[in-house]
>>> print(open('run.txt').read())   # compact mmCIF, C-alpha atoms
# COMPACT_ATOMS: atom_id res chain seq x y z
CA MET A 1 -17.09 -29.47 -31.48
CA ILE A 2 -19.16 -29.04 -28.29
CA ARG A 3 -16.91 -31.54 -26.51
CA SER A 4 -13.82 -29.70 -27.77
CA PHE A 5 -15.14 -26.36 -26.50
CA SER A 6 -16.06 -27.89 -23.13
CA LYS A 7 -12.57 -29.32 -22.83
CA TYR A 8 -11.11 -25.86 -23.57
CA ILE A 9 -13.23 -24.33 -20.78
CA PHE A 10 -12.22 -27.06 -18.34
CA ASP A 11 -8.53 -26.80 -19.23
CA HIS A 12 -8.65 -23.00 -18.82
CA TRP A 13 -10.40 -23.30 -15.43
CA TYR A 14 -7.98 -26.02 -14.25
CA LYS A 15 -4.92 -24.00 -15.30
CA GLN A 16 -6.17 -20.87 -13.52
CA ASN A 17 -6.95 -22.75 -10.31
CA SER A 18 -3.64 -24.61 -10.39
CA GLU A 19 -1.76 -21.35 -10.84
CA MET A 20 -3.64 -19.76 -7.95
CA SER A 21 -3.14 -22.66 -5.55
CA SER A 22 0.57 -22.62 -6.32
CA LYS A 23 0.80 -19.04 -5.08
CA TYR A 24 -0.72 -19.34 -1.61
CA PHE A 25 -0.95 -21.68 1.34
CA LYS A 26 -4.33 -23.04 2.35
CA ASN A 27 -5.76 -20.93 5.15
CA CYS A 28 -6.23 -23.38 8.01
CA TYR A 29 -7.29 -20.76 10.57
CA GLU A 30 -10.87 -21.00 11.76
CA ASP A 31 -12.81 -17.93 10.71
CA PHE A 32 -14.24 -15.48 13.22
CA THR A 33 -16.91 -16.53 15.66
CA LYS A 34 -18.27 -14.22 18.34
CA GLY A 35 -16.60 -14.63 21.69
CA GLU A 36 -14.24 -12.77 23.99
CA SER A 37 -13.07 -9.48 22.48
CA ILE A 38 -9.59 -9.13 21.03
CA LEU A 39 -9.57 -5.52 22.26
CA SER A 40 -8.97 -3.83 25.58
CA ASN A 41 -9.13 -0.02 25.75
CA ASN A 42 -8.98 0.15 21.94
CA MET A 43 -5.74 -1.82 21.89
CA ILE A 44 -4.96 -5.47 21.18
CA ARG A 45 -5.16 -7.34 24.47
CA LYS A 46 -1.83 -7.64 26.29
CA ASP A 47 -2.24 -11.40 26.67
CA SER A 48 -2.66 -11.97 22.92
CA LYS A 49 0.00 -13.81 20.94
CA ILE A 50 0.96 -10.78 18.86
CA SER A 51 1.35 -8.59 21.95
CA LEU A 52 3.31 -11.15 23.96
CA GLY A 53 5.62 -11.81 21.02
CA LEU A 54 6.23 -8.16 20.13
CA MET A 55 9.51 -7.46 21.95
CA GLU A 56 11.15 -10.75 21.01
CA LYS A 57 10.22 -10.10 17.38
CA TRP A 58 11.61 -6.57 17.60
CA GLN A 59 14.91 -7.69 19.09
CA SER A 60 15.28 -10.45 16.51
CA THR A 61 14.55 -8.00 13.67
CA VAL A 62 16.96 -5.33 14.95
CA ARG A 63 19.78 -7.87 15.21
CA GLN A 64 19.36 -8.71 11.54
CA LEU A 65 19.25 -5.03 10.56
CA ASP A 66 22.91 -4.64 11.51
CA ASN A 67 23.77 -5.70 7.96
CA LEU A 68 22.02 -2.94 5.98
CA ASP A 69 23.14 -1.96 2.48
CA PHE A 70 23.59 1.83 2.61
CA SER A 71 23.91 2.09 -1.17
CA ASP A 72 20.09 1.87 -1.35
CA TYR A 73 18.42 4.71 0.53
CA SER A 74 14.87 4.18 -0.77
CA VAL A 75 11.82 3.58 1.41
CA TYR A 76 10.84 0.56 -0.66
CA THR A 77 13.98 -1.59 -0.34
CA GLY A 78 16.57 0.61 1.36
CA THR A 79 17.60 2.33 4.56
CA SER A 80 14.78 4.90 4.51
CA GLY A 81 12.30 2.06 4.92
CA ILE A 82 14.17 1.01 8.07
CA ALA A 83 14.08 4.65 9.16
CA LEU A 84 10.29 4.60 8.83
CA LEU A 85 10.14 1.43 10.93
CA LYS A 86 12.30 2.94 13.69
CA LEU A 87 10.28 6.15 13.58
CA LYS A 88 7.18 4.04 14.16
CA LYS A 89 8.77 2.32 17.16
CA ASP A 90 9.93 5.42 19.08
CA PRO A 91 8.55 8.56 17.39
CA GLU A 92 9.51 11.00 20.16
CA ASP A 93 12.83 9.61 21.48
CA LYS A 94 15.59 12.07 20.47
CA ASN A 95 18.35 9.47 20.22
CA ASN A 96 16.15 7.33 18.02
CA LEU A 97 15.25 10.34 15.86
CA LYS A 98 18.94 11.04 15.26
CA GLU A 99 19.45 7.41 14.25
CA VAL A 100 16.48 7.67 11.92
CA GLU A 101 17.99 10.77 10.30
CA ASN A 102 21.29 8.98 9.71
CA LEU A 103 19.47 6.12 7.98
CA LEU A 104 18.00 8.57 5.43
CA SER A 105 21.40 9.38 3.86
CA LEU A 106 20.11 12.83 2.90
CA HIS A 107 23.58 13.92 1.75
CA LYS A 108 23.58 11.17 -0.90
CA LEU A 109 20.35 12.13 -2.67
CA LYS A 110 20.81 12.90 -6.36
CA ASN A 111 17.42 14.38 -7.31
CA ARG A 112 16.47 11.16 -9.04
CA ARG A 113 13.00 9.66 -9.25
CA HIS A 114 9.99 11.44 -7.87
CA SER A 115 8.05 9.04 -5.65
CA PHE A 116 7.89 8.43 -1.93
CA LEU A 117 8.73 4.73 -2.10
CA CYS A 118 11.43 4.63 -4.77
CA GLY A 119 12.79 8.16 -5.06
CA ASP A 120 14.27 11.09 -3.20
CA PRO A 121 10.89 12.40 -1.92
CA GLY A 122 10.70 9.48 0.54
CA PRO A 123 13.86 10.22 2.53
CA LEU A 124 13.29 13.98 2.15
CA SER A 125 9.74 13.69 3.57
CA ILE A 126 10.83 11.59 6.52
CA GLY A 127 13.77 13.95 7.07
CA ILE A 128 11.44 16.95 7.23
CA ILE A 129 9.27 15.25 9.86
CA VAL A 130 12.26 14.09 11.94
CA ASN A 131 13.91 17.52 11.91
CA HIS A 132 10.59 19.11 12.83
CA LYS A 133 10.35 16.80 15.83
CA LEU A 134 13.93 17.71 16.80
CA GLY A 135 13.13 21.43 16.59
CA LYS A 136 15.63 22.01 13.74
CA GLU A 137 13.50 24.42 11.73
CA LYS A 138 16.37 25.70 9.56
CA GLU A 139 16.97 22.16 8.33
CA VAL A 140 13.22 21.70 7.84
CA LYS A 141 13.10 24.71 5.50
CA GLN A 142 16.08 23.46 3.52
CA LEU A 143 14.59 20.00 3.07
CA VAL A 144 11.17 21.42 2.14
CA ALA A 145 12.88 23.51 -0.55
CA ARG A 146 14.68 20.41 -1.87
CA LEU A 147 11.45 18.44 -2.01
CA LYS A 148 9.63 21.27 -3.76
CA LEU A 149 12.39 21.59 -6.38
CA LEU A 150 11.52 18.12 -7.66
CA ASP A 151 8.17 19.40 -8.95
CA LYS A 152 9.30 20.40 -12.46
CA ASP A 153 8.69 17.06 -14.19
CA VAL A 154 5.69 16.40 -11.95
CA ILE A 155 3.80 19.51 -13.03
CA ASP A 156 4.91 19.30 -16.68
CA THR A 157 2.29 17.07 -18.31
CA HIS A 158 4.57 16.60 -21.34
CA SER A 159 7.42 15.08 -19.33
CA ASP A 160 7.99 11.34 -19.49
CA LEU A 161 7.23 10.92 -15.78
CA PRO A 162 4.59 8.22 -15.21
CA ASN A 163 1.55 8.88 -13.06
CA GLU A 164 1.54 5.65 -11.04
CA TYR A 165 2.32 5.42 -7.36
CA LEU A 166 5.58 3.47 -7.15
CA TYR A 167 7.63 5.75 -9.41
CA GLY A 168 5.41 8.58 -10.57
CA ARG A 169 3.28 11.63 -9.84
CA ALA A 170 0.97 9.87 -7.38
CA GLY A 171 4.03 8.92 -5.30
CA TYR A 172 5.16 12.54 -5.25
CA LEU A 173 1.66 13.63 -4.20
CA PHE A 174 1.82 11.20 -1.27
CA SER A 175 5.13 12.73 -0.13
CA ILE A 176 3.65 16.22 -0.03
CA LEU A 177 0.50 15.11 1.80
CA PHE A 178 2.59 13.04 4.24
CA VAL A 179 4.70 16.05 5.23
CA ASN A 180 1.64 18.28 5.59
CA LYS A 181 0.01 15.75 7.91
CA TYR A 182 2.89 15.64 10.39
CA VAL A 183 4.39 19.13 10.22
CA SER A 184 2.62 22.19 11.63
CA PRO A 185 2.06 24.61 10.06
CA PRO A 186 1.87 22.58 6.82
CA PRO A 187 4.78 23.62 4.54
CA PHE A 188 2.97 23.05 1.21
CA ASP A 189 -0.01 25.24 0.33
CA GLY A 190 -3.14 24.20 -1.50
CA SER A 191 -2.20 25.83 -4.79
CA PHE A 192 1.02 23.77 -4.99
CA ILE A 193 -0.86 20.55 -4.25
CA ARG A 194 -3.54 21.46 -6.78
CA LYS A 195 -0.88 21.76 -9.52
CA ILE A 196 0.18 18.17 -8.88
CA ILE A 197 -3.44 17.01 -8.94
CA ASP A 198 -4.14 18.93 -12.15
CA ALA A 199 -1.19 17.24 -13.85
CA ILE A 200 -2.42 13.78 -12.81
CA LEU A 201 -5.97 14.51 -13.96
CA ILE A 202 -4.91 16.05 -17.29
CA CYS A 203 -2.64 13.10 -18.12
CA GLY A 204 -5.41 10.64 -17.29
CA GLN A 205 -8.04 12.50 -19.29
CA ASN A 206 -5.76 12.84 -22.32
CA LEU A 207 -4.93 9.14 -22.40
CA SER A 208 -8.56 8.14 -21.89
CA LYS A 209 -9.67 10.27 -24.82
CA ALA A 210 -6.83 9.04 -27.04
CA GLY A 211 -7.73 5.42 -26.33
CA ASN A 212 -11.52 5.89 -26.41
CA PHE A 213 -11.88 4.36 -22.94
CA LYS A 214 -15.29 4.25 -21.33
CA CYS A 215 -14.09 6.13 -18.27
CA PRO A 216 -12.77 9.67 -17.77
CA LEU A 217 -9.28 8.64 -16.58
CA MET A 218 -6.78 6.06 -17.78
CA TYR A 219 -3.05 5.65 -17.23
CA GLN A 220 -0.27 3.60 -18.77
CA TRP A 221 2.99 2.25 -17.43
CA HIS A 222 5.50 0.22 -19.44
CA ASP A 223 3.03 -0.03 -22.35
CA SER A 224 0.33 -1.63 -20.19
CA TYR A 225 -2.85 -0.23 -18.69
CA TYR A 226 -2.16 -1.32 -15.13
CA LEU A 227 -5.01 -1.32 -12.63
CA GLY A 228 -3.44 -2.27 -9.28
CA ALA A 229 -2.21 -0.19 -6.36
CA ALA A 230 1.49 0.03 -7.17
CA HIS A 231 1.49 0.87 -10.87
CA GLY A 232 -2.10 1.37 -11.87
CA LEU A 233 -5.38 3.17 -11.89
CA SER A 234 -6.70 2.05 -8.49
CA GLY A 235 -3.59 3.30 -6.68
CA ILE A 236 -3.71 6.68 -8.44
CA LEU A 237 -7.41 7.12 -7.63
CA TYR A 238 -6.82 6.18 -4.00
CA LEU A 239 -4.11 8.84 -3.67
CA LEU A 240 -6.39 11.42 -5.27
CA LEU A 241 -9.18 10.57 -2.82
CA GLN A 242 -6.75 11.03 0.07
CA ALA A 243 -6.26 14.57 -1.28
CA ARG A 244 -10.01 15.16 -1.55
CA GLN A 245 -9.92 18.48 0.30
CA TYR A 246 -8.13 19.86 -2.77
CA LEU A 247 -10.61 18.35 -5.25
CA THR A 248 -13.69 20.05 -6.68
CA GLU A 249 -17.14 18.48 -6.74
CA GLU A 250 -16.73 18.16 -10.51
CA ASP A 251 -13.43 16.31 -10.03
CA LEU A 252 -15.06 13.93 -7.60
CA ASN A 253 -18.43 13.28 -9.23
CA CYS A 254 -17.72 13.71 -12.94
CA THR A 255 -14.17 12.40 -13.23
CA ILE A 256 -13.13 10.17 -10.32
CA LYS A 257 -16.43 8.46 -9.44
CA PRO A 258 -17.18 7.29 -13.02
CA THR A 259 -13.65 5.88 -13.19
CA VAL A 260 -14.14 4.03 -9.90
CA ASP A 261 -17.39 2.63 -11.31
CA TYR A 262 -15.54 1.53 -14.46
CA LEU A 263 -13.14 -0.45 -12.28
CA LEU A 264 -16.07 -2.22 -10.62
CA LYS A 265 -16.85 -3.77 -14.00
CA GLN A 266 -13.37 -5.24 -14.38
CA ARG A 267 -13.74 -7.78 -11.56
CA PHE A 268 -13.19 -11.47 -12.10
CA PRO A 269 -16.07 -13.79 -11.08
CA SER A 270 -13.90 -14.80 -8.09
CA GLY A 271 -14.09 -11.26 -6.68
CA ASN A 272 -10.44 -10.57 -7.49
CA PHE A 273 -9.20 -7.93 -9.96
CA PRO A 274 -6.83 -8.15 -12.94
CA SER A 275 -3.37 -6.62 -12.78
CA SER A 276 -3.98 -4.76 -16.05
CA LEU A 277 -6.55 -4.42 -18.82
CA GLY A 278 -6.54 -7.38 -21.17
CA ARG A 279 -5.08 -9.78 -18.62
CA ASP A 280 -7.43 -12.66 -17.87
CA ASN A 281 -5.06 -14.30 -15.39
CA ASP A 282 -6.80 -14.37 -12.03
CA LYS A 283 -3.71 -15.11 -9.95
CA TYR A 284 -2.50 -12.08 -7.97
CA VAL A 285 -3.83 -11.46 -4.46
CA GLN A 286 -1.28 -8.98 -3.15
CA TRP A 287 -1.06 -5.25 -2.46
CA CYS A 288 0.71 -4.34 -5.70
CA HIS A 289 -1.65 -6.31 -7.99
CA GLY A 290 -5.14 -7.61 -7.31
CA ALA A 291 -7.87 -7.32 -4.69
CA PRO A 292 -5.74 -6.09 -1.73
CA GLY A 293 -4.83 -2.81 -3.42
CA PHE A 294 -8.33 -2.25 -4.80
CA LEU A 295 -9.87 -2.69 -1.36
CA TYR A 296 -8.50 0.67 -0.16
CA LEU A 297 -10.03 2.49 -3.12
CA PHE A 298 -13.47 1.01 -2.50
CA THR A 299 -13.48 1.69 1.25
CA SER A 300 -12.50 5.30 0.48
CA ALA A 301 -15.23 5.54 -2.17
CA TYR A 302 -17.77 4.18 0.33
CA LYS A 303 -16.77 6.69 3.01
CA LEU A 304 -17.11 9.54 0.53
CA TRP A 305 -20.23 8.62 -1.48
CA GLN A 306 -21.95 6.21 0.96
CA ASP A 307 -22.93 3.89 -1.89
CA PRO A 308 -23.26 0.39 -0.37
CA ILE A 309 -21.94 -1.26 -3.57
CA TYR A 310 -18.46 0.04 -2.75
CA LEU A 311 -18.52 -1.48 0.72
CA LYS A 312 -19.92 -4.73 -0.67
CA VAL A 313 -17.05 -5.02 -3.14
CA ALA A 314 -14.48 -4.14 -0.47
CA LEU A 315 -15.87 -6.84 1.82
CA GLU A 316 -15.77 -9.36 -1.02
CA CYS A 317 -12.14 -8.39 -1.63
CA GLY A 318 -11.58 -9.16 2.05
CA ASP A 319 -13.04 -12.63 1.60
CA VAL A 320 -10.72 -13.27 -1.37
CA ILE A 321 -7.74 -12.20 0.75
CA TRP A 322 -8.80 -14.40 3.67
CA GLU A 323 -9.00 -17.42 1.37
CA GLN A 324 -5.95 -16.77 -0.83
CA GLY A 325 -3.82 -14.23 1.02
CA LEU A 326 -1.29 -16.40 2.87
CA LEU A 327 1.15 -16.04 0.02
CA LYS A 328 4.08 -18.28 -0.78
CA LYS A 329 6.01 -15.17 -1.80
CA GLY A 330 6.49 -14.53 1.91
CA TYR A 331 5.72 -11.89 4.51
CA SER A 332 6.30 -8.62 2.67
CA LEU A 333 4.12 -5.54 2.45
CA CYS A 334 4.23 -5.32 -1.33
CA HIS A 335 3.49 -8.89 -2.30
CA GLY A 336 3.14 -10.82 0.92
CA VAL A 337 1.13 -11.63 4.00
CA SER A 338 1.81 -8.47 6.03
CA GLY A 339 0.51 -6.28 3.20
CA ASN A 340 -2.61 -8.41 3.00
CA ALA A 341 -3.12 -8.18 6.77
CA TYR A 342 -3.44 -4.40 6.48
CA CYS A 343 -6.53 -4.89 4.30
CA PHE A 344 -8.38 -6.40 7.25
CA LEU A 345 -7.35 -3.46 9.43
CA GLU A 346 -8.77 -1.12 6.79
CA LEU A 347 -12.05 -3.05 6.83
CA PHE A 348 -12.09 -3.02 10.63
CA GLN A 349 -11.64 0.76 10.72
CA THR A 350 -14.36 1.16 8.08
CA THR A 351 -16.99 -1.16 9.59
CA LYS A 352 -15.89 -1.44 13.27
CA GLU A 353 -16.70 -5.17 12.97
CA GLU A 354 -14.32 -7.31 15.01
CA LYS A 355 -14.40 -10.07 12.39
CA HIS A 356 -11.93 -8.09 10.30
CA LEU A 357 -9.64 -7.39 13.24
CA TYR A 358 -9.65 -11.10 14.04
CA ARG A 359 -8.58 -11.88 10.48
CA ALA A 360 -5.82 -9.25 10.69
CA THR A 361 -4.49 -10.79 13.91
CA LYS A 362 -4.36 -14.25 12.33
CA PHE A 363 -2.31 -12.96 9.41
CA ALA A 364 -0.12 -11.09 11.90
CA GLU A 365 0.39 -14.33 13.84
CA TRP A 366 1.49 -15.98 10.59
CA CYS A 367 4.09 -13.21 10.22
CA LEU A 368 5.14 -13.55 13.86
CA ASP A 369 5.77 -17.28 13.41
CA TYR A 370 8.37 -16.61 10.74
CA SER A 371 9.50 -19.83 9.07
CA ARG A 372 11.37 -20.50 5.85
CA GLU A 373 8.74 -23.16 5.19
CA HIS A 374 6.28 -20.30 4.74
CA GLU A 375 8.46 -18.49 2.21
CA LYS A 376 8.89 -20.42 -1.03
CA TYR A 377 10.33 -17.43 -2.89
CA PRO A 378 12.95 -15.55 -0.78
CA PRO A 379 13.00 -11.78 -1.42
CA ASP A 380 15.82 -9.97 -3.21
CA ARG A 381 16.01 -7.45 -0.34
CA PRO A 382 15.35 -9.62 2.75
CA LEU A 383 15.82 -6.82 5.32
CA SER A 384 13.71 -4.16 3.63
CA LEU A 385 10.37 -2.55 4.47
CA TYR A 386 8.41 -3.49 1.36
CA GLU A 387 10.07 -6.80 0.45
CA GLY A 388 11.63 -8.11 3.65
CA ILE A 389 11.40 -8.55 7.42
CA ALA A 390 10.92 -4.86 8.26
CA GLY A 391 7.41 -4.95 6.76
CA PRO A 392 5.92 -7.61 9.05
CA MET A 393 7.71 -5.97 11.99
CA TYR A 394 5.98 -2.69 11.14
CA LEU A 395 2.64 -4.52 11.00
CA ILE A 396 3.13 -6.14 14.41
CA LEU A 397 3.98 -2.76 15.95
CA ASP A 398 1.09 -1.06 14.18
CA ILE A 399 -1.62 -3.60 14.91
CA GLN A 400 -1.25 -3.06 18.68
CA LYS A 401 -3.43 0.04 18.18
CA PRO A 402 -5.70 -1.18 15.38
CA TYR A 403 -7.85 1.93 15.13
CA GLU A 404 -4.73 3.95 14.24
CA ALA A 405 -2.91 1.46 12.00
CA LYS A 406 -2.09 2.67 8.48
CA PHE A 407 -0.37 0.89 5.60
CA PRO A 408 3.07 2.59 5.69
CA GLY A 409 3.84 4.76 2.69
CA PHE A 410 0.39 4.33 1.18
CA THR A 411 -2.31 5.41 3.65
CA LEU A 412 -2.08 8.78 5.36
>>> encode(input="run.txt", output="structure tokens")
Amino acid sequence: MIRSFSKYIFDHWYKQNSEMSSKYFKNCYEDFTKGESILSNNMIRKDSKISLGLMEKWQSTVRQLDNLDFSDYSVYTGTSGIALLKLKKDPEDKNNLKEVENLLSLHKLKNRRHSFLCGDPGPLSIGIIVNHKLGKEKEVKQLVARLKLLDKDVIDTHSDLPNEYLYGRAGYLFSILFVNKYVSPPPFDGSFIRKIIDAILICGQNLSKAGNFKCPLMYQWHDSYYLGAAHGLSGILYLLLQARQYLTEEDLNCTIKPTVDYLLKQRFPSGNFPSSLGRDNDKYVQWCHGAPGFLYLFTSAYKLWQDPIYLKVALECGDVIWEQGLLKKGYSLCHGVSGNAYCFLELFQTTKEEKHLYRATKFAEWCLDYSREHEKYPPDRPLSLYEGIAGPMYLILDIQKPYEAKFPGFTL
């Protein structure tokens, strides 16, 4: 019986490790050692590989973007994601801004879905910012009104709208905060934002009580208690912490912090996190599921509460990503190498330690050296921001100023 049990443990361990190794390439980069700085005047050095290769990569990417599918206008897989990329490239050029506006297809929006990445709020938010930059304040007011009109199901806690980030209330909250960050004066007042937050908190508290969970907040999507950034608890908490100026001390210390601490207890021994409660498969190391998405929550928690355990866990997430983050799924933001690279930029901005910037540059170099050999599972939307080539292009633009880099559509 002892031998049988030992065999079960071995077989379980072997299966898990085989599954993991089948999902990522071995990281053959040497890890950071102190030497000449990667930085010059707070920017990546001009003689670095990712700076020297920037324009060629941009031109190659733009040539491929001639074949966009305009039937999909989402940020996640459609033309609005390309609009966000082009806005990143030339944020003040008027001709570029007009091109960005055309990519949003604002006349096609049908008031469907409520999130920044996969719904109308994404193109509407970007449209507001672009029209503000162009000085078209009448259009700004019209688009703000359209975005605000989507709030009915968001504020109604009895609607069937989920709370997660990709499709739900947290994604709508990001849209509102995103507009307020880049438009002055901010179009959405605190009371409106607080209504969205209240709905998210009430839904989480109700489900937690109904399920007798040992944390104040819990959320469900497609009959599972997801935990990752895209669909789950960590992503929702991260969005709430980005709206912390609208939160009370009771919200922060009695509701959100105990839930963050509950998530700490869900870690696998490897340092990774499960995709949902009840899943013992330690196999996802990507933004949407696993350590990469959790890392942002724990760096935010550290900055707010200054508890070293949060930073320790975030750093350990970084080590997991360094070891297992060169994914065979490809280069995407959602479930690929460029999304994982942003984790190191987040750690660099949090700690100011160049080790993390070095790691980010190595993952960026992997994305720069695009090869089909490094993409065992081609994406369904190969040109898109979150699944395709626009994501790594955004990273390579963004990493040039690493202190300012932000995961697009997720970090304000």
>>> axis_aligned_box(input="run.txt", around="range 123-131 of chain A", padding_each_side="8 Å", output="AutoDock Vina command-line options")
--center_x 11.6 --center_y 13.9 --center_z 7.0 --size_x 20.6 --size_y 23.3 --size_z 25.8
>>> atom_distance(input="run.txt", atom1="CA of Arg194 in chain A", atom2="CA of Tyr165 in chain A")
17.1 Å
>>> residues_around(input="run.txt", residues="range 401-406 of chain A", least_positions_apart="2", cutoff="10 Å", atoms="only C-alpha atoms", output="number ranges by chain")
A: 39, 41-45, 342-343, 345-346, 348-350, 352, 357, 360-361, 394-399, 408-412
>>> closest_atom_pairs(input="run.txt", of="range 114-227 of chain A", to="range 288-309 of chain A", cutoff="10 Å", atoms="only C-alpha atoms", output="Markdown table")
| residue | atom | partner | partner_atom | distance |
| --- | --- | --- | --- | --- |
| A:Leu166 | CA | A:Cys288 | CA | 9.3 |
| A:Tyr226 | CA | A:His289 | CA | 8.7 |
| A:Leu227 | CA | A:His289 | CA | 7.6 |
>>> residues_around(input="run.txt", residues="Leu177 in chain A", least_positions_apart="3", cutoff="8 Å", atoms="all atoms listed in the file", output="JSON, numbers by chain")
{"A": [173, 174, 180, 181, 243, 412]}
